[in-house]
Each structure stands twice: as C-alpha cells, then as structure tokens.
>>> print(open('my_file-v3.txt').read())   # compact mmCIF, C-alpha atoms and all ligand atoms
# COMPACT_ATOMS: atom_id res chain seq x y z
CA MET O 457 33.91 30.49 5.31
CA LEU O 458 35.73 27.21 4.94
CA THR O 459 37.65 27.38 8.20
CA GLY O 460 37.53 24.06 10.01
CA LYS O 461 35.67 22.35 7.15
CA LYS O 462 36.77 18.87 6.16
CA VAL O 463 36.96 18.39 2.41
CA PHE O 464 37.47 14.96 0.87
CA LEU O 465 38.84 15.47 -2.62
CA ILE O 466 38.54 12.72 -5.21
CA ILE O 467 40.85 13.34 -8.13
CA ALA O 468 39.91 11.50 -11.32
CA GLY O 469 42.11 10.91 -14.34
CA GLY O 470 41.77 13.98 -16.54
CA ILE O 471 44.33 16.41 -17.85
CA SER O 472 43.03 19.10 -15.48
CA ALA O 473 43.95 16.93 -12.47
CA TYR O 474 47.04 19.12 -12.13
CA LYS O 475 44.80 22.05 -11.14
CA CYS O 476 43.83 20.13 -8.02
CA LEU O 477 47.22 20.79 -6.50
CA ASP O 478 46.37 24.51 -6.54
CA LEU O 479 42.88 23.76 -5.22
CA ILE O 480 44.31 21.80 -2.29
CA ARG O 481 46.74 24.64 -1.48
CA ARG O 482 44.00 27.27 -1.55
CA LEU O 483 41.58 25.19 0.52
CA ARG O 484 44.23 24.76 3.20
CA GLU O 485 45.03 28.48 3.09
CA GLN O 486 41.38 29.10 3.92
CA GLY O 487 41.60 26.86 6.97
CA ALA O 488 39.99 23.74 5.50
CA SER O 489 41.55 20.32 5.94
CA VAL O 490 41.83 18.22 2.81
CA ARG O 491 42.03 14.44 2.48
CA CYS O 492 42.53 13.05 -1.01
CA CYS O 493 41.79 9.95 -2.99
CA LEU O 494 43.11 9.34 -6.49
CA THR O 495 41.32 7.13 -8.99
CA GLU O 496 43.43 4.52 -10.74
CA ASN O 497 43.65 6.75 -13.83
CA ALA O 498 44.44 9.92 -11.85
CA LYS O 499 47.79 8.44 -10.87
CA GLU O 500 48.79 8.88 -14.53
CA PHE O 501 48.27 12.65 -14.23
CA VAL O 502 49.38 13.61 -10.71
CA THR O 503 51.53 11.71 -8.29
CA PRO O 504 50.26 10.65 -4.87
CA LEU O 505 53.47 12.17 -3.53
CA SER O 506 52.65 15.74 -4.70
CA VAL O 507 49.09 15.36 -3.43
CA ALA O 508 50.32 14.12 -0.06
CA ALA O 509 52.84 16.94 0.21
CA LEU O 510 50.24 19.64 -0.47
CA SER O 511 47.41 18.13 1.57
CA GLN O 512 49.81 17.14 4.36
CA GLY O 513 47.96 13.91 4.92
CA PRO O 514 47.55 10.37 3.66
CA VAL O 515 46.49 9.89 0.07
CA TYR O 516 44.12 7.03 -0.56
CA THR O 517 44.34 5.12 -3.80
CA ASP O 518 43.84 1.45 -3.14
CA GLN O 519 40.53 -0.26 -2.51
CA PHE O 520 42.24 -3.26 -0.96
CA SER O 521 45.04 -1.63 1.00
CA LEU O 522 45.35 -3.61 4.22
CA LYS O 523 47.10 -0.76 5.98
CA ASP O 524 44.41 1.83 5.15
CA GLU O 525 41.59 -0.59 5.92
CA SER O 526 43.01 -1.49 9.31
CA GLU O 527 43.23 2.22 10.19
CA MET O 528 39.86 3.24 8.81
CA SER O 529 37.10 1.45 6.91
CA HIS O 530 35.89 2.67 3.53
CA ILE O 531 32.54 3.55 5.01
CA GLU O 532 34.09 5.64 7.76
CA LEU O 533 36.41 7.31 5.30
CA SER O 534 33.47 8.30 3.11
CA ARG O 535 31.62 9.85 6.02
CA GLN O 536 34.22 11.57 8.14
CA SER O 537 34.36 14.69 5.91
CA ASP O 538 31.83 17.50 5.50
CA ILE O 539 31.77 17.18 1.72
CA LEU O 540 33.11 14.97 -1.08
CA VAL O 541 34.43 16.90 -4.07
CA VAL O 542 35.19 15.15 -7.35
CA ALA O 543 37.60 17.27 -9.39
CA PRO O 544 38.12 16.74 -12.20
CA ALA O 545 34.94 14.70 -12.70
CA THR O 546 35.68 12.87 -15.93
CA ALA O 547 32.99 11.44 -18.23
CA ASP O 548 34.04 8.02 -16.95
CA VAL O 549 33.68 8.78 -13.26
CA MET O 550 30.33 10.52 -13.89
CA ALA O 551 29.10 7.43 -15.75
CA LYS O 552 30.27 5.20 -12.89
CA MET O 553 28.54 7.41 -10.33
CA ALA O 554 25.31 7.44 -12.36
CA ALA O 555 25.41 3.65 -12.68
CA GLY O 556 26.27 3.16 -8.99
CA LEU O 557 29.51 1.29 -9.68
CA ALA O 558 31.98 0.60 -6.89
CA ASP O 559 34.88 -0.75 -8.92
CA GLN O 560 37.65 1.03 -7.01
CA LEU O 561 38.15 3.05 -3.85
CA ALA O 562 36.97 6.40 -5.27
CA THR O 563 33.67 5.08 -6.62
CA THR O 564 33.12 2.94 -3.51
CA LEU O 565 33.46 6.03 -1.32
CA LEU O 566 31.04 7.96 -3.54
CA LEU O 567 28.49 5.18 -3.25
CA ALA O 568 28.94 4.76 0.51
CA THR O 569 28.86 8.39 1.54
CA ASP O 570 26.01 10.15 3.30
CA LYS O 571 27.65 13.56 2.81
CA PRO O 572 26.98 16.15 0.10
CA VAL O 573 28.86 15.54 -3.14
CA LEU O 574 30.08 18.26 -5.51
CA ILE O 575 31.47 17.43 -8.94
CA ALA O 576 33.57 19.65 -11.19
CA PRO O 577 33.24 18.06 -14.64
CA ALA O 578 36.14 18.39 -17.06
CA MET O 579 36.47 16.68 -20.41
CA ASN O 580 36.64 17.16 -24.15
CA LEU O 581 33.64 19.15 -25.35
CA ARG O 582 32.24 16.32 -27.48
CA MET O 583 32.42 13.99 -24.53
CA TRP O 584 30.63 16.63 -22.44
CA LEU O 585 27.93 17.22 -25.05
CA HIS O 586 27.45 13.49 -25.72
CA ALA O 587 23.92 12.33 -24.93
CA ALA O 588 25.30 9.69 -22.55
CA THR O 589 27.20 12.26 -20.46
CA GLN O 590 24.25 14.66 -20.43
CA ALA O 591 21.94 11.84 -19.32
CA ASN O 592 24.39 10.91 -16.56
CA LEU O 593 24.58 14.56 -15.51
CA ALA O 594 20.78 14.75 -15.31
CA THR O 595 20.72 11.56 -13.21
CA LEU O 596 23.35 12.90 -10.83
CA LYS O 597 21.57 16.25 -10.48
CA SER O 598 18.27 14.53 -9.82
CA ARG O 599 19.98 12.74 -6.91
CA GLY O 600 21.03 16.06 -5.42
CA ILE O 601 24.67 15.96 -6.54
CA HIS O 602 25.99 19.53 -6.80
CA VAL O 603 27.74 20.57 -9.99
CA VAL O 604 30.18 23.40 -10.67
CA GLY O 605 31.18 24.17 -14.26
CA PRO O 606 32.40 23.17 -16.72
CA ASN O 607 33.44 26.45 -18.28
CA ASP O 608 33.75 27.38 -21.93
CA GLY O 609 37.22 27.89 -23.30
CA ALA O 610 40.22 26.52 -25.13
CA MET O 611 40.93 22.92 -24.23
CA ALA O 612 44.07 20.85 -23.98
CA CYS O 613 42.92 18.93 -27.08
CA ASN O 614 42.98 22.16 -29.16
CA GLU O 615 39.20 22.40 -29.37
CA PHE O 616 37.11 25.24 -27.98
CA GLY O 617 33.86 24.94 -26.06
CA PRO O 618 32.35 23.69 -22.80
CA GLY O 619 34.47 21.19 -20.90
CA ARG O 620 37.13 23.12 -19.01
CA MET O 621 37.13 22.41 -15.31
CA ALA O 622 35.92 25.30 -13.15
CA GLU O 623 38.81 27.29 -11.65
CA ALA O 624 39.83 26.70 -8.03
CA PRO O 625 38.08 29.87 -6.69
CA GLU O 626 34.83 28.79 -8.39
CA ILE O 627 35.08 25.31 -6.90
CA MET O 628 35.73 26.84 -3.49
CA ALA O 629 32.73 29.16 -3.83
CA ALA O 630 30.60 26.13 -4.77
CA ILE O 631 31.88 24.21 -1.72
CA ASP O 632 31.05 27.22 0.44
CA ALA O 633 27.53 27.45 -1.05
CA VAL O 634 26.90 23.77 -0.24
CA LEU O 635 28.35 23.90 3.28
CA ASN O 636 27.08 27.36 4.28
CA PRO O 637 23.75 27.66 2.48
CA ARG O 638 22.15 31.09 2.46
CA ARG O 639 18.84 31.14 4.33
CA PRO O 640 17.38 34.55 3.35
CA LEU O 641 13.81 33.22 3.55
CA SER O 642 14.01 31.76 7.03
CA GLY O 643 10.96 32.69 9.08
CA ARG O 644 8.89 33.24 5.91
CA HIS O 645 5.93 31.08 4.98
CA ILE O 646 5.23 30.56 1.28
CA VAL O 647 2.36 28.69 -0.35
CA VAL O 648 3.05 26.96 -3.68
CA THR O 649 0.52 25.21 -5.90
CA SER O 650 1.71 22.48 -8.24
CA GLY O 651 0.59 19.71 -10.56
CA PRO O 652 -2.77 19.27 -12.22
CA THR O 653 -6.16 19.27 -10.59
CA VAL O 654 -8.46 16.40 -11.44
CA GLU O 655 -12.20 16.78 -11.63
CA PRO O 656 -14.33 13.67 -11.11
CA ILE O 657 -17.00 12.72 -13.64
CA ASP O 658 -18.02 9.65 -11.66
CA PRO O 659 -16.13 7.50 -9.13
CA VAL O 660 -13.79 6.11 -11.81
CA ARG O 661 -13.52 8.81 -14.49
CA ILE O 662 -11.84 12.16 -14.26
CA ILE O 663 -11.06 15.27 -16.28
CA ALA O 664 -7.32 15.84 -15.94
CA ASN O 665 -4.48 17.59 -17.73
CA ARG O 666 -0.86 16.92 -18.65
CA SER O 667 0.89 18.94 -15.94
CA SER O 668 3.73 16.90 -14.39
CA GLY O 669 4.20 19.20 -11.39
CA LYS O 670 7.95 19.34 -12.06
CA GLN O 671 8.12 23.14 -12.11
CA GLY O 672 5.95 23.71 -9.04
CA HIS O 673 7.73 21.03 -7.01
CA ALA O 674 11.12 22.47 -8.00
CA ILE O 675 9.97 25.93 -6.86
CA ALA O 676 8.85 24.53 -3.50
CA ALA O 677 12.23 22.80 -3.09
CA ALA O 678 14.19 25.94 -4.05
CA LEU O 679 12.23 28.12 -1.62
CA ALA O 680 12.71 25.58 1.17
CA ALA O 681 16.44 25.46 0.42
CA LEU O 682 16.54 29.23 1.02
CA GLY O 683 15.01 28.66 4.45
CA ALA O 684 11.30 29.29 3.77
CA ARG O 685 8.59 27.23 5.44
CA VAL O 686 6.79 25.98 2.36
CA THR O 687 3.28 24.59 2.06
CA LEU O 688 3.03 22.78 -1.27
CA VAL O 689 -0.57 22.22 -2.33
CA SER O 690 -0.38 19.63 -5.05
CA GLY O 691 -2.66 17.71 -7.34
CA PRO O 692 -1.76 14.09 -8.18
CA THR O 693 1.77 13.76 -9.59
CA ALA O 694 4.33 10.99 -9.89
CA LEU O 695 6.95 13.09 -8.08
CA PRO O 696 8.45 12.45 -4.65
CA ASP O 697 7.72 15.08 -1.99
CA PRO O 698 10.45 17.73 -2.01
CA GLU O 699 12.64 17.62 1.07
CA GLY O 700 11.69 19.90 3.95
CA VAL O 701 8.33 20.92 2.48
CA ASP O 702 4.82 20.41 3.96
CA VAL O 703 2.80 18.75 1.22
CA VAL O 704 -0.99 18.95 1.14
CA ARG O 705 -2.44 16.57 -1.45
CA ILE O 706 -5.68 17.52 -3.12
CA GLU O 707 -7.58 16.48 -6.21
CA THR O 708 -10.03 19.14 -7.32
CA ALA O 709 -9.62 22.90 -7.86
CA ARG O 710 -12.03 23.58 -5.02
CA GLU O 711 -9.95 21.44 -2.68
CA MET O 712 -6.83 23.25 -3.86
CA LEU O 713 -8.35 26.66 -3.08
CA ALA O 714 -9.53 25.51 0.35
CA ALA O 715 -6.07 24.10 1.16
CA CYS O 716 -4.35 27.33 0.06
CA GLN O 717 -6.69 29.47 2.13
CA ALA O 718 -6.25 27.19 5.14
CA ALA O 719 -2.46 27.60 4.82
CA LEU O 720 -2.58 31.44 5.02
CA PRO O 721 -1.13 33.77 6.22
CA ALA O 722 1.86 33.65 3.91
CA ALA O 723 4.52 36.10 2.83
CA ALA O 724 4.16 34.93 -0.77
CA ALA O 725 2.14 32.57 -2.92
CA VAL O 726 3.35 30.96 -6.12
CA CYS O 727 0.61 29.43 -8.25
CA ALA O 728 2.29 26.98 -10.59
CA ALA O 729 -0.53 24.43 -10.72
CA ALA O 730 -2.41 23.73 -13.93
CA VAL O 731 -5.84 24.17 -12.44
CA ALA O 732 -8.76 22.78 -14.42
CA ASP O 733 -10.89 25.68 -15.58
CA TRP O 734 -14.07 23.69 -15.26
CA GLY O 735 -15.35 21.05 -12.88
CA VAL O 736 -18.23 18.68 -13.40
CA LYS O 737 -21.47 20.20 -12.10
CA ALA O 738 -22.89 17.00 -10.68
CA PRO O 739 -20.43 14.08 -10.65
CA ALA O 740 -22.34 10.77 -10.77
CA GLY O 741 -22.38 8.89 -7.48
CA GLN O 742 -21.96 5.54 -9.25
CA LYS O 743 -19.99 4.54 -12.33
CA MET O 744 -21.92 5.69 -15.39
CA LYS O 745 -22.96 2.70 -17.47
CA LYS O 746 -23.06 2.57 -21.23
CA SER O 747 -26.00 0.82 -22.74
CA PRO O 748 -26.17 -0.34 -26.37
CA GLY O 749 -27.67 2.30 -28.66
CA ALA O 750 -27.94 4.99 -25.94
CA PRO O 751 -26.28 8.35 -26.68
CA PRO O 752 -23.12 9.22 -24.72
CA PRO O 753 -23.90 11.16 -21.55
CA ALA O 754 -23.76 14.94 -21.64
CA ILE O 755 -21.48 16.26 -18.93
CA GLU O 756 -22.37 19.70 -17.65
CA LEU O 757 -19.37 21.75 -16.57
CA ILE O 758 -19.22 24.62 -14.13
CA PRO O 759 -16.40 27.17 -13.76
CA ASN O 760 -13.83 26.41 -11.10
CA PRO O 761 -12.64 29.10 -8.71
CA ASP O 762 -9.55 30.96 -9.90
CA ILE O 763 -7.08 30.26 -7.10
CA LEU O 764 -4.50 32.78 -8.24
CA ALA O 765 -7.05 35.59 -8.62
CA THR O 766 -8.63 34.72 -5.26
CA LEU O 767 -5.29 34.75 -3.42
CA ALA O 768 -4.27 37.98 -5.19
CA ALA O 769 -7.50 39.83 -4.37
CA PRO O 770 -6.96 42.76 -2.00
CA GLY O 771 -7.63 41.93 1.64
CA ALA O 772 -5.96 41.36 4.97
CA ALA O 773 -5.02 37.78 4.10
CA ARG O 774 -3.39 38.64 0.76
CA PRO O 775 0.21 37.38 0.66
CA GLY O 776 2.68 40.24 0.16
CA LEU O 777 3.82 38.81 -3.17
CA VAL O 778 1.61 36.73 -5.46
CA VAL O 779 3.17 35.02 -8.46
CA GLY O 780 1.33 33.26 -11.25
CA PHE O 781 2.24 31.41 -14.42
CA ALA O 782 0.88 32.00 -17.87
CA ALA O 783 1.08 29.01 -20.13
CA GLU O 784 0.51 30.28 -23.64
CA THR O 785 0.83 28.84 -27.11
CA GLU O 786 0.85 32.18 -28.97
CA ASN O 787 1.34 35.94 -28.34
CA LEU O 788 3.12 34.96 -25.12
CA ILE O 789 4.03 38.37 -23.70
CA GLU O 790 0.86 40.20 -24.65
CA HIS O 791 -1.40 37.51 -23.22
CA ALA O 792 0.70 37.19 -20.07
CA ARG O 793 0.66 40.97 -19.42
CA GLU O 794 -3.09 41.01 -19.81
CA LYS O 795 -3.36 38.00 -17.48
CA ARG O 796 -1.24 39.66 -14.80
CA ALA O 797 -3.53 42.68 -14.78
CA ARG O 798 -6.73 40.62 -14.87
CA LYS O 799 -5.71 38.28 -12.06
CA GLY O 800 -4.29 41.04 -9.88
CA CYS O 801 -1.06 39.19 -9.14
CA ASP O 802 2.32 40.91 -8.78
CA TRP O 803 4.40 38.79 -11.13
CA ILE O 804 3.65 36.40 -13.95
CA LEU O 805 6.11 33.89 -15.32
CA ALA O 806 5.09 33.48 -18.93
CA ASN O 807 6.02 30.19 -20.54
CA ASP O 808 5.59 28.85 -24.00
CA VAL O 809 3.71 25.55 -23.89
CA SER O 810 3.34 25.10 -27.62
CA ALA O 811 4.17 21.51 -28.60
CA ALA O 812 7.45 22.74 -30.17
CA ALA O 813 8.71 24.10 -26.81
CA GLY O 814 8.29 20.70 -25.06
CA THR O 815 7.54 22.37 -21.71
CA PHE O 816 4.85 19.99 -20.44
CA GLY O 817 6.60 17.05 -18.80
CA GLY O 818 9.94 18.22 -20.23
CA GLU O 819 13.06 19.19 -18.31
CA THR O 820 13.49 22.75 -19.52
CA ASN O 821 11.47 25.91 -19.54
CA ARG O 822 11.85 29.24 -21.29
CA VAL O 823 10.11 31.93 -19.30
CA HIS O 824 9.68 35.69 -19.19
CA LEU O 825 9.25 37.33 -15.80
CA ILE O 826 6.55 39.96 -16.16
CA THR O 827 6.12 42.52 -13.41
CA ALA O 828 4.08 45.75 -13.26
CA ASP O 829 6.71 47.64 -15.18
CA ALA O 830 9.11 45.17 -16.78
CA CYS O 831 9.33 42.10 -18.95
CA GLU O 832 12.52 40.16 -18.35
CA PRO O 833 13.38 37.29 -20.72
CA TRP O 834 15.19 34.41 -19.02
CA PRO O 835 17.32 31.98 -21.02
CA VAL O 836 16.23 28.39 -21.62
CA LEU O 837 16.85 26.79 -18.26
CA ASP O 838 16.45 23.49 -16.55
CA LYS O 839 13.20 23.63 -14.51
CA ARG O 840 15.26 23.48 -11.32
CA ALA O 841 17.30 26.47 -12.50
CA VAL O 842 14.09 28.41 -13.23
CA ALA O 843 12.96 27.55 -9.71
CA GLN O 844 16.29 28.63 -8.22
CA ARG O 845 16.18 31.95 -10.06
CA LEU O 846 12.59 32.59 -9.03
CA ALA O 847 13.36 31.70 -5.40
CA ASP O 848 16.30 34.13 -5.42
CA ARG O 849 14.06 36.88 -6.84
CA ILE O 850 11.37 36.19 -4.24
CA ALA O 851 14.01 36.35 -1.48
CA GLU O 852 15.19 39.71 -2.86
CA ALA O 853 11.65 41.06 -3.08
CA LEU O 854 10.80 40.00 0.48
CA SER O 855 14.03 41.25 2.03
O1 LIG L 1 -6.08 31.41 -16.54
P1 LIG L 1 -4.90 30.55 -16.66
O2 LIG L 1 -5.17 29.13 -16.30
O3 LIG L 1 -4.16 30.65 -17.97
O4 LIG L 1 -3.88 31.15 -15.58
C1 LIG L 1 -2.69 30.54 -15.23
C2 LIG L 1 -2.29 30.92 -13.84
O5 LIG L 1 -3.40 30.99 -13.00
C3 LIG L 1 -1.37 29.87 -13.21
O6 LIG L 1 -0.53 30.54 -12.30
C4 LIG L 1 -2.35 28.97 -12.51
O7 LIG L 1 -1.74 28.28 -11.44
C5 LIG L 1 -3.38 29.96 -12.03
N1 LIG L 1 -4.74 29.44 -11.96
C6 LIG L 1 -5.33 29.25 -10.73
N2 LIG L 1 -6.64 28.84 -10.65
C7 LIG L 1 -7.33 28.61 -11.78
C8 LIG L 1 -6.76 28.78 -13.02
C9 LIG L 1 -5.47 29.19 -13.08
O8 LIG L 1 -4.67 29.45 -9.71
N3 LIG L 1 -8.58 28.19 -11.66
>>> encode(input="my_file-v3.txt", output="structure tokens")
Amino acid sequence: MLTGKKVFLIIAGGISAYKCLDLIRRLREQGASVRCCLTENAKEFVTPLSVAALSQGPVYTDQFSLKDESEMSHIELSRQSDILVVAPATADVMAKMAAGLADQLATTLLLATDKPVLIAPAMNLRMWLHAATQANLATLKSRGIHVVGPNDGAMACNEFGPGRMAEAPEIMAAIDAVLNPRRPLSGRHIVVTSGPTVEPIDPVRIIANRSSGKQGHAIAAALAALGARVTLVSGPTALPDPEGVDVVRIETAREMLAACQAALPAAAAVCAAAVADWGVKAPAGQKMKKSPGAPPPAIELIPNPDILATLAAPGAARPGLVVGFAAETENLIEHAREKRARKGCDWILANDVSAAAGTFGGETNRVHLITADACEPWPVLDKRAVAQRLADRIAEALS
C-alpha cells in the first residue's frame, strides 16, 4: 500500500498536532518514509525533537535556514516526496493556502509543490463552520486539494461538533487513495453530455438556458478519475475542460446528438445536459432588424431530438447503461419515475430545481437515484460528491 512512498508531513499549530506523532509512527510501520516540516505555531504544540525522533530524519522549520538551504532548496524539498500532507490543517493554514501566501517554510512549500496535497482540517467547530473557512475549503477543493475529515465529536475546547482531525488510519487510507487510485473503469468508454444547448434565432441571438454544466463536468471528471475514457459532449459553459477527458464542443441539440452518436460505442452514457426542447425552425441568415411600428417577429419552434431517449432506444449501439437526469420543480419522484419509463433509460437522477433548492449554478445537489425497482434518496451533496457517488455506482454496475 504505502510501502516505499515518500510522505512530506506539514504539521500546523493546532491542539491535535500531537496526533501526528502517532501518524508518523504508523506511516513508517507501513514502509513509508516521512519527512516533516513544522509551522511556526506548531512548535508550540509538538517539539521538533519528538518529530525528528519518530520520523528518523531532519525536521524543517525555518524558511531562512542556511544549513537546510545549502543541502536542498525549498523547491526541491517541496517536490521530492510523493505527497504533501497537512495535518492538522488549521483554519489559519487553510486561509494561507487559499490566498497563496508564502510567509514561512510550510506555506512556501505548499505553494511551490507540483505534488498532490492532502489536508486534514482540525479546529474549533465555529471556526470550521465560519463562512470564511468554508469558502477557503471550497477554493482548495476546486484546485484539486484532497481533504480528509474533519470528524464530528467532542473537542478540546469542550464543544461538540465537526472539527476533530481525522484519525491516523483515516488519514493513511486517504493518502493511499490519492497515491494508489482505483481504476475500475479502465478500458471502458463513457459518453457524458453537459451544459446547456443553445439554439440560434439569427447570427447574434440565441435561445439558451441557465445550466452551468457543473454537474455534468464533475461526472466526466469523476469517471475519468476511475480510469474511464470519457467523451464529454458539452454546450457552451464557463468551465475549464476536466483533466483527462476528450471534450467535444457543440451548440445545438442536433449537434449534441450527432456528437454523441459519433462517439459510440460506449459502455455507458450519462445525459446531464440541459437540452433545449425546441429549436428555431428557420434561423434567419442575417441579423433580424427591428423597424419602428413593426410587430415583433414570430419565431416558429420545432421539437429537438431527445438525446437521452435516442441513446437509450434498443439497438446494437445502445450503451449498456444509460443514465438521465430529471430536473423537476414539483412531484419529483413521481415525475422522474414516469420519465425513466418514457425515455427508456436505466437510471434517472432526480433533482429538485425549484428556486428554493438553488441547484442551477449552485454548488450542491440533492438527488434521488431511481432505477427500475428502487428509489434511493441521496443526502445533500456537493456536485463533485454527487459525481463521485454516481461514478462509483456506474463502476459497480459495469463490473
Ligand atoms: O425531458 P427532460 O428534459 O426533462 O429530460 C431530462 C433528461 O433528458 C436529462 O438527462 C437530459 O440530459 C435529457 N434530455 C436529452 N435530450 C433532450 C431533452 C432532455 O438528452 N432533448
């Protein structure tokens, strides 16, 4: 598992810093080598001497140590390990990471590294729940920083709630997951649709919708992280292309269908795009002009192809598993069940897009997974967590 892995542990100044001594011991027992850096504040909680004794190596603390610098530069130090682990990650160090500060050795290394970074937050529950910390957490996650914990429980400050640092075995499992990612979908091709489609009225005007593409892009990224070859067919969004995914950019529903069909065969298809139900029958070749007193133009719409239903239709090219979404504002489950049957897909993820739920463009999603014989409510989750859960379920179904 962790044999031969090089872990660089950054210990920040929180009361749970003492737990790192146990973490270092266990990591070494598993065959990992551990190098450590203490933040300025951490030295108030654990001594460099204990850390050095357990890690059996140098302990770095000083940004401007001539001795350390002559042996190894900060940049080299930040890159010679397989992973950087920040435990405990205090509210302060998370804020510094989010802001990109390099005010001491620990933060400089975190800014200079090109290696994966895992943080194990630990702090008082009000500090954890504070909007500033949650915003910093979201920023760090969006940059691909891995997070383990915090756990719920009694805290050193006599309060109870989220904020306890994850236990050493959990941190080790998280390190293992980052360094030895599971690839259960390797060799599988999966088509994902995402974003809105836009339907031209004339060369400058369009019919569009509010889909951000966040959910579909997160699904593509999660499937790729499990080893799938992913073709992401996406309408216009402001999002960067997910790493390791083939992106086909389209505008209209017809282009989206053609791109999906061109990408087949596929083991699975996930239709997360908000496809316009209607396109304009005859888009004007030139910009439509308004003239004083003339009535506004009538725009004749025609139905767009249903991409999900088309991909789910029986036939040799049908992907083995076809998953759709049902965005509903009322009678969520009933409408979604009916939609699953009508479209012929295997699973539907039903989500509430009423204004109160804040799903469109928001960060979270509350979905129900509806299959032929079950309706499974999922908790409110970050869109990336929904994607992760769906990717895991797809991997299970295809195994
Ligand atoms: O019919 P409705 O738009 O509510 O269905 C939602 C599901 O169907 C989503 O998975 C969406 O991506 C898919 N869909 C599609 N092509 C359409 C309309 C919807 O793939 N033309």
>>> residues_near_ligand(input="my_file-v3.txt", ligand="ligand LIG 1 (chain L)", cutoff="7 Å", atoms="all atoms listed in the file", output="ChimeraX atom specification")
/O:649,709,727-733,760-765,779-783
>>> write_last_selection(input="my_file-v3.txt", atoms="C-alpha atoms", output="PDB file, keeping the file's coordinate frame")
ATOM      1  CA  THR O 649       0.520  25.210  -5.900  1.00  0.00           C
ATOM      2  CA  ALA O 709      -9.620  22.900  -7.860  1.00  0.00           C
ATOM      3  CA  CYS O 727       0.610  29.430  -8.250  1.00  0.00           C
ATOM      4  CA  ALA O 728       2.290  26.980 -10.590  1.00  0.00           C
ATOM      5  CA  ALA O 729      -0.530  24.430 -10.720  1.00  0.00           C
ATOM      6  CA  ALA O 730      -2.410  23.730 -13.930  1.00  0.00           C
ATOM      7  CA  VAL O 731      -5.840  24.170 -12.440  1.00  0.00           C
ATOM      8  CA  ALA O 732      -8.760  22.780 -14.420  1.00  0.00           C
ATOM      9  CA  ASP O 733     -10.890  25.680 -15.580  1.00  0.00           C
ATOM     10  CA  ASN O 760     -13.830  26.410 -11.100  1.00  0.00           C
ATOM     11  CA  PRO O 761     -12.640  29.100  -8.710  1.00  0.00           C
ATOM     12  CA  ASP O 762      -9.550  30.960  -9.900  1.00  0.00           C
ATOM     13  CA  ILE O 763      -7.080  30.260  -7.100  1.00  0.00           C
ATOM     14  CA  LEU O 764      -4.500  32.780  -8.240  1.00  0.00           C
ATOM     15  CA  ALA O 765      -7.050  35.590  -8.620  1.00  0.00           C
ATOM     16  CA  VAL O 779       3.170  35.020  -8.460  1.00  0.00           C
ATOM     17  CA  GLY O 780       1.330  33.260 -11.250  1.00  0.00           C
ATOM     18  CA  PHE O 781       2.240  31.410 -14.420  1.00  0.00           C
ATOM     19  CA  ALA O 782       0.880  32.000 -17.870  1.00  0.00           C
ATOM     20  CA  ALA O 783       1.080  29.010 -20.130  1.00  0.00           C
TER      21      ALA O 783
END
>>> closest_residue(input="my_file-v3.txt", among="O:Cys476, O:Ile531, O:Ser537, O:Glu485", to="Ala508 (chain O)", atoms="only C-alpha atoms")
O:Cys476
>>> residues_around(input="my_file-v3.txt", residues="Ala468 (chain O)", least_positions_apart="4", cutoff="8 Å", atoms="only C-alpha atoms", output="VMD selection string")
chain O and resid 473 494 to 498 542 to 546 549
>>> residues_around(input="my_file-v3.txt", residues="Ala718 (chain O)", least_positions_apart="5", cutoff="12 Å", atoms="only C-alpha atoms", output="list in words")
Val647, Thr687, Val689, Val704, Glu711, Met712, Leu713, Leu767 and Ala773 of chain O
>>> write_last_selection(input="my_file-v3.txt", atoms="C-alpha atoms", output="PDB file, in the frame of the given file")
ATOM      1  CA  VAL O 647       2.360  28.690  -0.350  1.00  0.00           C
ATOM      2  CA  THR O 687       3.280  24.590   2.060  1.00  0.00           C
ATOM      3  CA  VAL O 689      -0.570  22.220  -2.330  1.00  0.00           C
ATOM      4  CA  VAL O 704      -0.990  18.950   1.140  1.00  0.00           C
ATOM      5  CA  GLU O 711      -9.950  21.440  -2.680  1.00  0.00           C
ATOM      6  CA  MET O 712      -6.830  23.250  -3.860  1.00  0.00           C
ATOM      7  CA  LEU O 713      -8.350  26.660  -3.080  1.00  0.00           C
ATOM      8  CA  LEU O 767      -5.290  34.750  -3.420  1.00  0.00           C
ATOM      9  CA  ALA O 773      -5.020  37.780   4.100  1.00  0.00           C
TER      10      ALA O 773
END
>>> residues_around(input="my_file-v3.txt", residues="Ala630 (chain O)", least_positions_apart="3", cutoff="8 Å", atoms="all atoms listed in the file", output="ChimeraX atom specification")
/O:574,604,626-627,633-634
>>> atom_distance(input="my_file-v3.txt", atom1="CA of Lys597 (chain O)", atom2="CA of Arg482 (chain O)")
26.5 Å
>>> closest_residue(input="my_file-v3.txt", among="O:Ala740, O:Ile706, O:Ala674, O:Leu458", to="Arg840 (chain O)", atoms="all atoms listed in the file")
O:Ala674
>>> atom_distance(input="my_file-v3.txt", atom1="CA of Ser489 (chain O)", atom2="CA of Gly605 (chain O)")
23.0 Å
>>> atom_distance(input="my_file-v3.txt", atom1="CA of Thr517 (chain O)", atom2="CA of Leu477 (chain O)")
16.2 Å
>>> closest_residue(input="my_file-v3.txt", among="O:Ala576, O:Val515, O:Ile789, O:Ile850", to="Ala676 (chain O)", atoms="all atoms listed in the file")
O:Ile850
>>> closest_residue(input="my_file-v3.txt", among="O:Arg599, O:Arg798, O:Ala769, O:Met579", to="Phe616 (chain O)", atoms="all atoms listed in the file")
O:Met579
>>> closest_residue(input="my_file-v3.txt", among="O:Met550, O:Met457, O:Ala629, O:Leu465", to="Gly513 (chain O)", atoms="all atoms listed in the file")
O:Leu465
>>> closest_residue(input="my_file-v3.txt", among="O:Asp838, O:Asp848, O:Glu655, O:Asp478", to="Glu623 (chain O)", atoms="all atoms listed in the file")
O:Asp478
>>> residues_around(input="my_file-v3.txt", residues="Ile662 (chain O)", least_positions_apart="4", cutoff="12 Å", atoms="all atoms listed in the file", output="mmCIF file with C-alpha atoms, keeping the file's coordinate frame")
data_model
loop_
_atom_site.group_PDB
_atom_site.id
_atom_site.type_symbol
_atom_site.label_atom_id
_atom_site.label_comp_id
_atom_site.auth_asym_id
_atom_site.auth_seq_id
_atom_site.Cartn_x
_atom_site.Cartn_y
_atom_site.Cartn_z
ATOM 1 C CA PRO O 652 -2.770 19.270 -12.220
ATOM 2 C CA THR O 653 -6.160 19.270 -10.590
ATOM 3 C CA VAL O 654 -8.460 16.400 -11.440
ATOM 4 C CA GLU O 655 -12.200 16.780 -11.630
ATOM 5 C CA PRO O 656 -14.330 13.670 -11.110
ATOM 6 C CA ILE O 657 -17.000 12.720 -13.640
ATOM 7 C CA ASP O 658 -18.020 9.650 -11.660
ATOM 8 C CA PRO O 692 -1.760 14.090 -8.180
ATOM 9 C CA GLU O 707 -7.580 16.480 -6.210
ATOM 10 C CA THR O 708 -10.030 19.140 -7.320
ATOM 11 C CA ALA O 732 -8.760 22.780 -14.420
ATOM 12 C CA TRP O 734 -14.070 23.690 -15.260
ATOM 13 C CA GLY O 735 -15.350 21.050 -12.880
ATOM 14 C CA VAL O 736 -18.230 18.680 -13.400
ATOM 15 C CA PRO O 739 -20.430 14.080 -10.650
ATOM 16 C CA ALA O 740 -22.340 10.770 -10.770
ATOM 17 C CA LYS O 743 -19.990 4.540 -12.330
ATOM 18 C CA ILE O 755 -21.480 16.260 -18.930
#
